[in-house]
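Printed here is my_file_32.cif (mmCIF, C-alpha atoms):
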```cif
data_data
#
loop_
_atom_site.label_atom_id
_atom_site.label_comp_id
_atom_site.auth_asym_id
_atom_site.auth_seq_id
_atom_site.Cartn_x
_atom_site.Cartn_y
_atom_site.Cartn_z
CA MET A 916 2.93 -1.91 1.59
CA ILE A 917 1.01 -3.40 -1.33
CA GLN A 918 -1.26 -6.28 -0.34
CA VAL A 919 -2.89 -8.72 -2.74
CA ASN A 920 -6.21 -7.10 -1.92
CA LYS A 921 -7.60 -4.08 -0.13
CA PRO A 922 -11.31 -4.06 0.80
CA TYR A 923 -13.30 -1.34 -0.90
CA LEU A 924 -14.84 1.18 1.48
CA PRO A 925 -17.57 3.65 0.54
CA THR A 926 -17.62 7.11 2.03
CA LYS A 927 -18.43 7.32 5.73
CA GLU A 928 -21.24 9.74 4.89
CA LYS A 929 -22.96 7.20 2.67
CA TYR A 930 -22.68 4.44 5.26
CA ILE A 931 -23.89 6.69 8.07
CA ARG A 932 -27.05 7.50 6.10
CA TYR A 933 -27.96 3.83 6.22
CA LEU A 934 -26.95 3.56 9.87
CA ASP A 935 -29.35 6.38 10.69
CA SER A 936 -32.20 4.24 9.38
CA ILE A 937 -31.10 1.37 11.65
CA TRP A 938 -31.29 3.67 14.67
CA LYS A 939 -34.65 4.94 13.50
CA ASN A 940 -36.14 1.45 12.97
CA ASN A 941 -34.35 -0.20 15.91
CA HIS A 942 -34.25 -3.36 13.78
CA LEU A 943 -30.77 -4.89 13.94
CA THR A 944 -31.18 -8.39 12.47
CA ASN A 945 -33.80 -11.07 11.65
CA PHE A 946 -34.69 -10.09 8.08
CA GLY A 947 -34.72 -6.33 8.68
CA PRO A 948 -35.69 -3.70 6.11
CA LEU A 949 -32.12 -3.10 4.89
CA SER A 950 -31.53 -6.83 4.42
CA ILE A 951 -34.75 -7.10 2.42
CA LEU A 952 -33.77 -4.05 0.37
CA LEU A 953 -30.33 -5.47 -0.35
CA GLU A 954 -31.83 -8.76 -1.52
CA GLU A 955 -34.15 -6.87 -3.87
CA ARG A 956 -31.34 -4.74 -5.30
CA LEU A 957 -29.02 -7.72 -5.70
CA CYS A 958 -31.73 -9.59 -7.59
CA GLU A 959 -32.07 -6.61 -9.90
CA TYR A 960 -28.32 -6.12 -10.34
CA LEU A 961 -27.58 -9.82 -10.90
CA GLU A 962 -30.76 -10.46 -12.90
CA VAL A 963 -31.91 -13.37 -10.74
CA ASP A 964 -35.27 -14.07 -9.10
CA ASN A 965 -34.53 -16.10 -5.97
CA LEU A 966 -31.69 -14.83 -3.77
CA LEU A 967 -31.34 -15.18 0.00
CA LEU A 968 -28.75 -13.38 2.14
CA VAL A 969 -26.76 -15.42 4.66
CA ASN A 970 -23.92 -14.56 7.01
CA ASN A 971 -21.07 -16.00 4.90
CA GLY A 972 -20.30 -17.97 1.77
CA THR A 973 -19.20 -21.06 3.68
CA ILE A 974 -22.48 -21.58 5.47
CA ALA A 975 -24.22 -20.88 2.14
CA LEU A 976 -22.69 -24.13 0.86
CA GLN A 977 -23.68 -26.05 3.98
CA VAL A 978 -27.28 -24.87 3.73
CA ALA A 979 -27.29 -25.82 0.03
CA TYR A 980 -26.32 -29.41 0.87
CA LYS A 981 -29.16 -29.69 3.37
CA LEU A 982 -31.71 -28.23 0.97
CA LEU A 983 -30.83 -30.73 -1.76
CA GLY A 984 -31.06 -33.70 0.58
CA LEU A 985 -27.39 -34.66 0.68
CA GLN A 986 -26.69 -37.02 3.57
CA LYS A 987 -23.77 -38.33 5.56
CA ASP A 988 -21.37 -40.49 3.49
CA ASP A 989 -22.76 -39.28 0.14
CA LYS A 990 -20.07 -38.86 -2.52
CA ILE A 991 -19.78 -35.44 -4.15
CA ILE A 992 -17.84 -34.76 -7.35
CA THR A 993 -15.78 -31.60 -6.94
CA THR A 994 -12.54 -29.81 -7.80
CA PRO A 995 -9.29 -29.80 -5.80
CA PHE A 996 -8.40 -26.34 -7.13
CA SER A 997 -10.36 -23.99 -4.90
CA PHE A 998 -10.25 -22.22 -1.57
CA VAL A 999 -10.26 -24.73 1.27
CA ALA A 1000 -13.84 -23.80 2.31
CA THR A 1001 -15.19 -25.76 -0.68
CA THR A 1002 -13.72 -29.00 0.67
CA ASN A 1003 -14.13 -28.11 4.36
CA THR A 1004 -17.89 -27.75 4.04
CA LEU A 1005 -18.24 -31.17 2.46
CA ILE A 1006 -16.18 -32.96 5.10
CA TRP A 1007 -17.78 -30.95 7.92
CA GLU A 1008 -21.18 -32.23 6.78
CA GLY A 1009 -19.95 -35.82 6.61
CA LEU A 1010 -19.86 -35.85 2.80
CA HIS A 1011 -17.04 -37.38 0.78
CA PRO A 1012 -15.34 -35.25 -1.88
CA GLN A 1013 -14.49 -37.14 -5.05
CA PHE A 1014 -11.88 -34.91 -6.65
CA VAL A 1015 -11.76 -34.62 -10.41
CA ASP A 1016 -8.71 -32.95 -11.93
CA ILE A 1017 -8.90 -29.56 -13.62
CA ASP A 1018 -8.41 -28.24 -17.12
CA ALA A 1019 -4.82 -27.01 -17.42
CA GLU A 1020 -5.84 -23.77 -19.15
CA SER A 1021 -9.14 -22.64 -17.62
CA PHE A 1022 -8.33 -24.03 -14.13
CA CYS A 1023 -11.97 -25.17 -13.83
CA ILE A 1024 -13.05 -28.77 -13.29
CA ASN A 1025 -12.43 -30.99 -16.33
CA VAL A 1026 -15.85 -32.05 -17.56
CA GLU A 1027 -14.53 -34.94 -19.66
CA LYS A 1028 -12.92 -36.43 -16.56
CA ILE A 1029 -16.26 -36.29 -14.76
CA GLU A 1030 -17.74 -38.42 -17.53
CA SER A 1031 -14.85 -40.87 -17.22
CA LEU A 1032 -15.85 -41.55 -13.60
CA PHE A 1033 -19.03 -43.15 -14.88
CA ASP A 1034 -17.21 -45.09 -17.60
CA SER A 1035 -14.84 -46.70 -15.08
CA ASN A 1036 -15.49 -49.72 -12.89
CA GLN A 1037 -15.36 -47.77 -9.60
CA ASN A 1038 -18.37 -47.17 -7.38
CA THR A 1039 -20.34 -44.40 -9.05
CA ASN A 1040 -22.82 -43.78 -6.28
CA PHE A 1041 -22.45 -40.02 -6.60
CA LYS A 1042 -25.14 -37.61 -5.42
CA ALA A 1043 -24.00 -34.19 -6.62
CA ILE A 1044 -21.47 -32.13 -8.54
CA LEU A 1045 -19.84 -29.12 -6.86
CA PRO A 1046 -17.88 -27.14 -9.48
CA VAL A 1047 -16.18 -23.77 -8.88
CA HIS A 1048 -16.08 -20.81 -11.26
CA VAL A 1049 -12.37 -20.36 -10.62
CA PHE A 1050 -11.32 -16.70 -10.36
CA GLY A 1051 -14.74 -15.83 -11.80
CA ASN A 1052 -14.08 -17.82 -14.98
CA ALA A 1053 -17.26 -19.67 -15.91
CA CYS A 1054 -17.20 -23.48 -15.92
CA GLU A 1055 -18.54 -25.41 -18.90
CA VAL A 1056 -22.01 -24.95 -17.50
CA GLU A 1057 -23.99 -26.45 -20.36
CA LYS A 1058 -21.99 -29.69 -20.33
CA LEU A 1059 -22.28 -29.87 -16.56
CA GLU A 1060 -26.07 -29.45 -16.80
CA LEU A 1061 -26.23 -32.38 -19.24
CA ILE A 1062 -24.12 -34.63 -17.01
CA ALA A 1063 -26.16 -33.75 -13.92
CA LYS A 1064 -29.38 -34.53 -15.76
CA LYS A 1065 -28.03 -37.74 -17.30
CA TYR A 1066 -26.94 -39.21 -13.97
CA ASN A 1067 -29.61 -37.59 -11.77
CA LEU A 1068 -27.13 -35.48 -9.78
CA ALA A 1069 -27.72 -32.28 -7.86
CA LEU A 1070 -25.66 -29.40 -9.28
CA ILE A 1071 -24.33 -26.82 -6.83
CA TYR A 1072 -21.98 -24.07 -7.99
CA ASP A 1073 -19.46 -22.52 -5.64
CA ALA A 1074 -19.65 -19.10 -7.27
CA ALA A 1075 -17.77 -17.21 -4.54
CA HIS A 1076 -15.68 -15.36 -7.15
CA ALA A 1077 -18.31 -14.95 -9.84
CA PHE A 1078 -20.25 -11.87 -8.74
CA GLY A 1079 -21.75 -10.17 -11.78
CA VAL A 1080 -20.44 -12.70 -14.30
CA ARG A 1081 -22.65 -13.44 -17.27
CA TYR A 1082 -22.56 -16.46 -19.56
CA LYS A 1083 -24.07 -16.04 -23.03
CA ASN A 1084 -25.75 -12.87 -21.81
CA THR A 1085 -27.37 -14.66 -18.85
CA SER A 1086 -26.41 -14.47 -15.18
CA ILE A 1087 -24.00 -17.25 -14.29
CA PHE A 1088 -26.21 -17.82 -11.24
CA SER A 1089 -29.00 -19.02 -13.54
CA TYR A 1090 -27.22 -22.37 -13.93
CA GLY A 1091 -27.42 -25.34 -11.60
CA ASP A 1092 -29.88 -26.04 -8.82
CA ILE A 1093 -28.12 -23.63 -6.47
CA SER A 1094 -25.25 -21.15 -6.65
CA THR A 1095 -23.52 -19.81 -3.55
CA ILE A 1096 -21.75 -16.47 -3.29
CA SER A 1097 -19.34 -14.94 -0.78
CA PHE A 1098 -19.62 -11.32 0.29
CA HIS A 1099 -16.48 -11.40 2.42
CA ALA A 1100 -14.50 -8.15 2.69
CA THR A 1101 -11.92 -9.47 0.19
CA LYS A 1102 -14.48 -10.00 -2.53
CA LEU A 1103 -15.36 -7.83 -5.51
CA PHE A 1104 -18.69 -6.97 -3.89
CA HIS A 1105 -18.80 -7.26 -0.11
CA SER A 1106 -20.84 -6.59 3.01
CA VAL A 1107 -17.83 -6.97 5.36
CA GLU A 1108 -18.98 -10.52 6.12
CA GLY A 1109 -21.81 -12.17 4.27
CA GLY A 1110 -22.93 -14.33 1.42
CA ALA A 1111 -25.96 -15.38 -0.56
CA ILE A 1112 -27.67 -18.43 -2.01
CA VAL A 1113 -29.31 -18.23 -5.44
CA PHE A 1114 -31.97 -20.81 -6.24
CA LYS A 1115 -33.46 -22.05 -9.48
CA ASP A 1116 -36.59 -23.11 -7.55
CA ASN A 1117 -38.44 -20.56 -5.41
CA SER A 1118 -39.70 -23.32 -3.10
CA LEU A 1119 -36.10 -24.01 -2.12
CA LYS A 1120 -35.69 -20.37 -1.14
CA ASN A 1121 -38.73 -20.57 1.12
CA GLU A 1122 -37.35 -23.68 2.81
CA ALA A 1123 -33.90 -22.08 3.13
CA LYS A 1124 -35.37 -19.03 4.86
CA LYS A 1125 -36.64 -21.35 7.60
CA ILE A 1126 -33.36 -23.27 7.85
CA ILE A 1127 -31.24 -20.14 8.34
CA ASN A 1128 -33.58 -18.96 11.12
CA PHE A 1129 -33.31 -21.98 13.45
CA GLY A 1130 -35.90 -23.88 11.40
CA LEU A 1131 -38.66 -21.57 12.64
CA ARG A 1132 -41.97 -20.90 10.95
CA LYS A 1133 -44.07 -18.32 12.77
CA SER A 1134 -41.84 -18.79 15.84
CA PHE A 1135 -42.40 -22.57 15.87
CA PRO A 1136 -39.43 -24.93 15.21
CA GLU A 1137 -40.83 -26.71 12.17
CA THR A 1138 -37.60 -28.18 10.83
CA LEU A 1139 -33.94 -28.59 11.75
CA GLY A 1140 -32.21 -25.25 11.38
CA ILE A 1141 -29.26 -23.04 12.18
CA ASN A 1142 -28.62 -19.33 12.60
CA ALA A 1143 -27.22 -18.10 9.28
CA LYS A 1144 -28.88 -14.69 9.07
CA ASN A 1145 -26.94 -11.51 8.45
CA SER A 1146 -27.35 -8.19 10.25
CA GLU A 1147 -28.65 -4.81 9.18
CA PHE A 1148 -25.17 -3.34 9.64
CA HIS A 1149 -23.77 -5.76 7.09
CA ALA A 1150 -26.68 -5.07 4.76
CA ALA A 1151 -25.97 -1.33 5.07
CA MET A 1152 -22.40 -1.87 3.88
CA GLY A 1153 -23.64 -4.07 1.04
CA LEU A 1154 -26.07 -1.39 -0.12
CA CYS A 1155 -23.29 1.20 -0.11
CA VAL A 1156 -20.88 -0.98 -2.07
CA LEU A 1157 -23.56 -2.02 -4.56
CA GLU A 1158 -24.23 1.65 -5.36
CA ASP A 1159 -20.53 2.05 -6.19
CA MET A 1160 -20.20 -1.07 -8.39
CA PRO A 1161 -19.98 0.85 -11.70
CA TYR A 1162 -16.95 2.75 -10.36
CA ILE A 1163 -15.43 -0.40 -8.80
CA MET A 1164 -15.74 -2.34 -12.06
CA GLU A 1165 -14.30 0.50 -14.13
CA GLU A 1166 -11.25 0.80 -11.88
CA ARG A 1167 -10.61 -2.92 -11.65
CA GLU A 1168 -10.89 -3.34 -15.42
CA LYS A 1169 -8.19 -0.70 -15.91
CA ILE A 1170 -5.84 -2.45 -13.48
CA TRP A 1171 -6.55 -5.92 -14.88
CA THR A 1172 -6.06 -4.80 -18.49
CA TYR A 1173 -2.81 -2.99 -17.64
CA TYR A 1174 -1.40 -6.20 -16.15
CA GLU A 1175 -2.57 -8.21 -19.15
CA ASN A 1176 -0.96 -5.90 -21.68
CA LYS A 1177 2.34 -5.82 -19.80
CA LEU A 1178 2.61 -9.49 -18.81
CA LYS A 1179 0.87 -11.60 -21.47
CA ASN A 1180 4.15 -12.17 -23.35
CA TYR A 1181 6.04 -13.17 -20.20
CA PHE A 1182 3.68 -15.45 -18.28
CA THR A 1183 0.96 -17.98 -18.96
CA LEU A 1184 -2.42 -16.48 -18.12
CA GLN A 1185 -5.72 -18.20 -17.34
CA LYS A 1186 -7.70 -19.05 -20.48
CA ARG A 1187 -11.00 -17.23 -20.23
CA ASN A 1188 -14.28 -18.84 -21.22
CA LEU A 1189 -15.16 -17.20 -24.54
CA PHE A 1190 -18.85 -17.01 -23.61
CA SER A 1191 -18.24 -15.57 -20.15
CA THR A 1192 -17.78 -11.96 -19.10
CA ASN A 1193 -14.81 -10.98 -16.96
CA ASN A 1194 -15.46 -9.43 -13.54
CA PHE A 1195 -11.75 -8.56 -13.06
CA HIS A 1196 -11.71 -10.11 -9.61
CA TYR A 1197 -8.26 -11.73 -9.74
CA PHE A 1198 -5.15 -11.59 -11.90
CA PRO A 1199 -3.36 -14.96 -11.67
CA ILE A 1200 -0.12 -15.73 -13.50
CA LEU A 1201 1.71 -19.03 -14.00
CA PHE A 1202 5.47 -19.38 -13.60
CA GLU A 1203 7.53 -21.97 -15.47
CA LYS A 1204 8.78 -23.57 -12.26
CA GLU A 1205 7.92 -23.37 -8.58
CA LYS A 1206 11.45 -22.36 -7.60
CA ILE A 1207 11.22 -19.29 -9.86
CA LEU A 1208 7.88 -18.43 -8.25
CA LEU A 1209 9.38 -18.73 -4.75
CA ALA A 1210 12.36 -16.56 -5.64
CA THR A 1211 10.02 -13.94 -7.13
CA ILE A 1212 7.80 -13.92 -4.04
CA ASP A 1213 10.89 -13.36 -1.89
CA LYS A 1214 11.94 -10.41 -4.07
CA LEU A 1215 8.43 -8.93 -3.99
CA HIS A 1216 8.31 -9.26 -0.20
CA GLN A 1217 11.64 -7.44 0.06
CA ASN A 1218 9.95 -4.56 -1.76
CA GLY A 1219 6.84 -4.51 0.44
CA ILE A 1220 4.62 -6.32 -2.11
CA TYR A 1221 2.51 -9.25 -0.95
CA PRO A 1222 0.83 -11.31 -3.68
CA ARG A 1223 -0.82 -14.63 -2.81
CA ARG A 1224 -0.34 -18.24 -3.82
CA TYR A 1225 -3.95 -18.77 -4.68
CA PHE A 1226 -4.98 -21.60 -4.68
CA TYR A 1227 -2.25 -23.45 -2.86
CA PRO A 1228 -1.98 -26.30 -2.10
CA SER A 1229 -4.15 -28.50 -4.27
CA LEU A 1230 -6.82 -29.66 -1.83
CA GLU A 1231 -6.46 -33.42 -2.29
CA VAL A 1232 -3.05 -33.29 -0.52
CA LEU A 1233 -4.50 -31.98 2.77
CA SER A 1234 -3.95 -34.22 5.78
CA PHE A 1235 -7.67 -34.58 6.52
CA VAL A 1236 -8.57 -35.57 2.95
CA ASN A 1237 -8.42 -39.09 1.58
CA SER A 1238 -8.01 -38.85 -2.18
CA THR A 1239 -5.96 -39.87 -5.18
CA LYS A 1240 -3.61 -37.30 -6.68
CA CYS A 1241 -4.79 -34.74 -9.22
CA GLN A 1242 -1.60 -34.05 -11.12
CA ILE A 1243 -2.74 -31.05 -13.14
CA SER A 1244 -4.21 -29.30 -10.12
CA GLN A 1245 -1.01 -29.91 -8.14
CA ASN A 1246 1.11 -28.63 -11.00
CA ILE A 1247 -0.94 -25.44 -11.36
CA ALA A 1248 -1.16 -24.88 -7.59
CA ASN A 1249 2.63 -25.08 -7.30
CA ARG A 1250 3.21 -22.45 -10.01
CA ILE A 1251 0.37 -19.94 -9.66
CA LEU A 1252 0.46 -16.48 -8.13
CA CYS A 1253 -2.32 -13.91 -7.79
CA LEU A 1254 -1.14 -10.33 -8.14
CA PRO A 1255 -2.38 -7.32 -6.16
CA ILE A 1256 -5.58 -5.90 -7.62
CA TYR A 1257 -7.91 -3.47 -5.86
CA VAL A 1258 -9.47 -0.06 -6.31
CA GLY A 1259 -6.77 2.49 -5.52
CA LEU A 1260 -3.79 0.50 -6.81
CA ARG A 1261 -1.75 3.07 -8.72
CA GLU A 1262 -0.14 2.54 -12.11
CA ASP A 1263 3.34 3.30 -10.72
CA GLU A 1264 2.77 0.57 -8.10
CA GLN A 1265 1.79 -1.84 -10.87
CA ASP A 1266 4.93 -0.85 -12.78
CA LYS A 1267 7.03 -1.73 -9.73
CA ILE A 1268 5.36 -5.15 -9.50
CA ILE A 1269 5.73 -5.76 -13.23
CA GLU A 1270 9.41 -4.77 -13.24
CA ILE A 1271 10.21 -7.28 -10.48
CA LEU A 1272 8.21 -10.02 -12.20
CA LYS A 1273 10.00 -9.50 -15.51
CA SER A 1274 13.43 -9.42 -13.85
CA GLN A 1275 13.05 -12.95 -12.55
#
```
Do you think you could lay out the structure here as structure tokens?
Amino acid sequence: MIQVNKPYLPTKEKYIRYLDSIWKNNHLTNFGPLSILLEERLCEYLEVDNLLLVNNGTIALQVAYKLLGLQKDDKIITTPFSFVATTNTLIWEGLHPQFVDIDAESFCINVEKIESLFDSNQNTNFKAILPVHVFGNACEVEKLELIAKKYNLALIYDAAHAFGVRYKNTSIFSYGDISTISFHATKLFHSVEGGAIVFKDNSLKNEAKKIINFGLRKSFPETLGINAKNSEFHAAMGLCVLEDMPYIMEEREKIWTYYENKLKNYFTLQKRNLFSTNNFHYFPILFEKEKILLATIDKLHQNGIYPRRYFYPSLEVLSFVNSTKCQISQNIANRILCLPIYVGLREDEQDKIIEILKSQ
């Protein structure tokens, strides 16, 4: 069976070495030594200054909203082409997503259409922009910075897929007020479960550290908080995987490039940002029509191959969302398929996938 993804696992010996230190320290959670070490090493690897570990990428977004003062009924400009967590977190916090359609080639939020919101006669009482670096492809970050500054909007990036991405030789996490990352087992870098928040302002990190620990400061509940800390066991896995990132990136690049060379003349591929590096996280392809996509999925399933319709559906069509249609996002969501890509996927397995795709 070939799944769309297979979590990377380091050697047991490497992981056990870190576990031994947990037994030695008897420190299981609450900002333990391995968690602190992982934060330090991630800052070095990602070339950022202010990073805080949390227990998943979803709660990272929720904490970000609190830190930037977003309140119930605030309107947030965002994309409908993302994993559902992006929209869920907004609605869960009582915020209202204002969907802006995507660019048909990059799949990222269309910056010109954000500007058009302010040129129209509708209520423009927006408080923030929440773009997504879709499949690790950098948004038009410089234009987004200008819009946020012009209209006094907070700028929060859902960077769940963008681990290690650089834009104009700078970490993609250097843009915006806050970027959030997912370290779920399916991600390029993972800690089984986990996530992180990256801050432009160190004072926000200090406040966030209180919020994710029940709002405590020196054991006193100083502010409203929640438990969003991660454990030493998760940090141990993160440290192991981080050590193996050069190998992981090398293997994924080979797989991604093989697909590209074999399929670029048969399918429409995502247009990459010319100033952005590729972290080889996903390999999405676009079919001409949805019915061809569905027939191909059926054929792949018959052969034990399980790609994923990612992202599907376009989020503005969900029953718990009240929004106007985003035609481009719906069109892309209906025709897109992410192919299997993970360390250990063999070339002959790729050839089998490619043969079926071309036959349809």
A:Leu1010 proximity check over A:Val1236, A:Leu957, A:Ile1200, A:Cys1241, using all atoms listed in the file: winner is A:Val1236
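If you apply the PyMOL selection byres ((chain A and resi 1126) around 8) to this structure, you end up with Val978, Glu1122, Ala1123, Lys1124, Lys1125, Ile1127, Asn1128, Phe1129, Gly1130, Leu1131, Thr1138, Leu1139, Gly1140, Ile1141 and Asn1142 of chain A.
Distance-wise, atom CA of A:Ala1248 and atom CA of A:Val1015 end up 14.7 Å apart.
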Check which residues satisfy the PyMOL selection byres ((chain A and resi 948) around 12) in the file shown, then give them as a PyMOL selection string. chain A and resi 933-934+936-937+939-947+949-955+1145-1148+1150-1151+1154
Distance of atom CA of A:Ile1112 from atom CA of A:Ser1094, expressed in Å to one decimal place: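 We find that atom CA of A:Ser1094 and atom CA of A:Ile1112 lie 5.9 Å from each other.
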Quote the spacing between atom CA of A:Pro1012 and atom CA of A:Lys1144 in Å to one decimal place.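 So the two atoms, atom CA of A:Pro1012 and atom CA of A:Lys1144, lie 26.9 Å apart.
Proximity to A:Arg1187 was assessed for A:Lys929, A:Lys1133, A:His1048, A:Lys1120 counting only C-alpha atoms; the smallest distance is recorded for A:His1048.
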Which residues would end up in the selection if the PyMOL selection byres ((chain A and resi 1227) around 9) were applied here, given that I need the answer as an NGL selection string? :A and (996-998 or 1223-1226 or 1228-1230 or 1245 or 1247-1249 or 1251)
Contacts of stretch 1166-1216 of chain A with stretch 1068-1092 of chain A up to 12 Å, shortest pair per row, only C-alpha atoms, as a Markdown table:
```
| residue | atom | partner | partner_atom | distance |
| --- | --- | --- | --- | --- |
| A:Arg1187 | CA | A:Tyr1082 | CA | 11.6 |
| A:Asn1188 | CA | A:Tyr1082 | CA | 8.8 |
| A:Leu1189 | CA | A:Tyr1082 | CA | 9.0 |
| A:Phe1190 | CA | A:Lys1083 | CA | 5.3 |
| A:Ser1191 | CA | A:Tyr1082 | CA | 4.5 |
| A:Thr1192 | CA | A:Arg1081 | CA | 5.4 |
| A:Asn1193 | CA | A:Val1080 | CA | 6.5 |
| A:Asn1194 | CA | A:Val1080 | CA | 6.0 |
| A:Phe1195 | CA | A:Val1080 | CA | 9.7 |
| A:His1196 | CA | A:His1076 | CA | 7.0 |
| A:Tyr1197 | CA | A:His1076 | CA | 8.7 |
```
Counting only C-alpha atoms, what is within 10 Å of A:Leu1260, bar same-chain residues fewer than 2 positions away, as a compact mmCIF listing (two decimals) with C-alpha atoms, in the coordinates of the input?
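Saved file part-v7.txt follows:
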```
# COMPACT_ATOMS: atom_id res chain seq x y z
CA ILE A 917 1.01 -3.40 -1.33
CA GLN A 918 -1.26 -6.28 -0.34
CA ASN A 920 -6.21 -7.10 -1.92
CA LYS A 921 -7.60 -4.08 -0.13
CA GLU A 1166 -11.25 0.80 -11.88
CA ARG A 1167 -10.61 -2.92 -11.65
CA ILE A 1170 -5.84 -2.45 -13.48
CA PRO A 1255 -2.38 -7.32 -6.16
CA ILE A 1256 -5.58 -5.90 -7.62
CA TYR A 1257 -7.91 -3.47 -5.86
CA VAL A 1258 -9.47 -0.06 -6.31
CA GLU A 1262 -0.14 2.54 -12.11
CA ASP A 1263 3.34 3.30 -10.72
CA GLU A 1264 2.77 0.57 -8.10
CA GLN A 1265 1.79 -1.84 -10.87
```
Give me the residues within 12 Å of A:Glu1203 as a ChimeraX atom specification, counting all atoms listed in the file and dropping any in the same chain fewer than 5 places off. /A:1181-1184,1208-1209,1211,1246-1247,1249-1252,1275
Would you pick out the contacts of A:Lys927 at 12 Å or less, using only C-alpha atoms, so that residues sharing its chain but fewer than 3 positions from it are not included, and give the list as a ChimeraX atom specification? /A:924,930-934,1151-1152,1155-1156
Which residues, protein or nucleic acid, reach to within 8 Å of (8.9, -6.6, -18.0) in the file's coordinates when using only C-alpha atoms, and can you give that as a ChimeraX atom specification? /A:1177-1178,1181,1269-1274
Written selection (C-alpha atoms) as an mmCIF file, keeping the file's coordinate frame:
```
data_model
loop_
_atom_site.group_PDB
_atom_site.id
_atom_site.type_symbol
_atom_site.label_atom_id
_atom_site.label_comp_id
_atom_site.auth_asym_id
_atom_site.auth_seq_id
_atom_site.Cartn_x
_atom_site.Cartn_y
_atom_site.Cartn_z
ATOM 1 C CA LYS A 1177 2.340 -5.820 -19.800
ATOM 2 C CA LEU A 1178 2.610 -9.490 -18.810
ATOM 3 C CA TYR A 1181 6.040 -13.170 -20.200
ATOM 4 C CA ILE A 1269 5.730 -5.760 -13.230
ATOM 5 C CA GLU A 1270 9.410 -4.770 -13.240
ATOM 6 C CA ILE A 1271 10.210 -7.280 -10.480
ATOM 7 C CA LEU A 1272 8.210 -10.020 -12.200
ATOM 8 C CA LYS A 1273 10.000 -9.500 -15.510
ATOM 9 C CA SER A 1274 13.430 -9.420 -13.850
#
```
Tell me which protein, DNA and RNA residues are within 10 Å of A:Gln977, counting all atoms listed in the file, leaving out same-chain ones fewer than 3 positions away, and put them as a ChimeraX atom specification. /A:972-974,980-982,985,1001,1003-1005,1007-1008,1095
Within 10 Å of (-8.8, -36.7, 1.6) (file coordinates; all atoms listed in the file), which protein or nucleic acid residues are there? I'd like them as a JSON list (two decimals) with C-alpha atoms, in the coordinates of the input.
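Below is the file that was written, point-v7.json:
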```json
[["chain", "number", "residue", "atom", "x", "y", "z"],
["A", 1002, "THR", "CA", -13.72, -29.00, 0.67],
["A", 1006, "ILE", "CA", -16.18, -32.96, 5.10],
["A", 1011, "HIS", "CA", -17.04, -37.38, 0.78],
["A", 1012, "PRO", "CA", -15.34, -35.25, -1.88],
["A", 1013, "GLN", "CA", -14.49, -37.14, -5.05],
["A", 1014, "PHE", "CA", -11.88, -34.91, -6.65],
["A", 1230, "LEU", "CA", -6.82, -29.66, -1.83],
["A", 1231, "GLU", "CA", -6.46, -33.42, -2.29],
["A", 1232, "VAL", "CA", -3.05, -33.29, -0.52],
["A", 1233, "LEU", "CA", -4.50, -31.98, 2.77],
["A", 1234, "SER", "CA", -3.95, -34.22, 5.78],
["A", 1235, "PHE", "CA", -7.67, -34.58, 6.52],
["A", 1236, "VAL", "CA", -8.57, -35.57, 2.95],
["A", 1237, "ASN", "CA", -8.42, -39.09, 1.58],
["A", 1238, "SER", "CA", -8.01, -38.85, -2.18],
["A", 1239, "THR", "CA", -5.96, -39.87, -5.18],
["A", 1240, "LYS", "CA", -3.61, -37.30, -6.68]]
```
So which residues touch stretch 1098-1102 of chain A within 7 Å, counting only C-alpha atoms, skipping near sequence neighbours fewer than 3 positions away, as a ChimeraX atom specification? /A:920-922,971-972,1105-1110
As JSON, please report the centre and edge lengths, rounded to one decimal in Å, of the axis-aligned box that holds all listed atoms of stretch 1088-1098 of chain A with 4 Å of padding on each of the six sides.
```
{"center_x": -24.6, "center_y": -18.7, "center_z": -6.8, "size_x": 18.5, "size_y": 22.7, "size_z": 22.2}
```
Considering all atoms listed in the file, state which residue in the set A:Thr993, A:Asn1067, A:Gly1259, A:Ala1053 is at the smallest distance from A:Glu1165. A:Gly1259
Add whatever atoms are absent from stretch 978-985 of chain A to reach N, CA and C atoms, and provide the output as a CSV table (one decimal), keeping the file's coordinate frame.
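Saved as part-v1.csv:
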```csv
chain,number,residue,atom,x,y,z
A,978,VAL,N,-25.8,-24.9,3.8
A,978,VAL,CA,-27.3,-24.9,3.7
A,978,VAL,C,-27.7,-25.5,2.4
A,979,ALA,N,-27.0,-25.3,1.3
A,979,ALA,CA,-27.3,-25.8,0.0
A,979,ALA,C,-27.3,-27.3,0.1
A,980,TYR,N,-26.4,-27.9,0.8
A,980,TYR,CA,-26.3,-29.4,0.9
A,980,TYR,C,-27.6,-29.9,1.6
A,981,LYS,N,-28.0,-29.3,2.6
A,981,LYS,CA,-29.2,-29.7,3.4
A,981,LYS,C,-30.4,-29.6,2.5
A,982,LEU,N,-30.5,-28.5,1.8
A,982,LEU,CA,-31.7,-28.2,1.0
A,982,LEU,C,-31.9,-29.3,-0.1
A,983,LEU,N,-30.8,-29.8,-0.7
A,983,LEU,CA,-30.8,-30.7,-1.8
A,983,LEU,C,-30.8,-32.2,-1.3
A,984,GLY,N,-30.9,-32.4,0.0
A,984,GLY,CA,-31.1,-33.7,0.6
A,984,GLY,C,-29.8,-34.5,0.6
A,985,LEU,N,-28.6,-33.9,0.6
A,985,LEU,CA,-27.4,-34.7,0.7
A,985,LEU,C,-27.2,-35.1,2.1
```
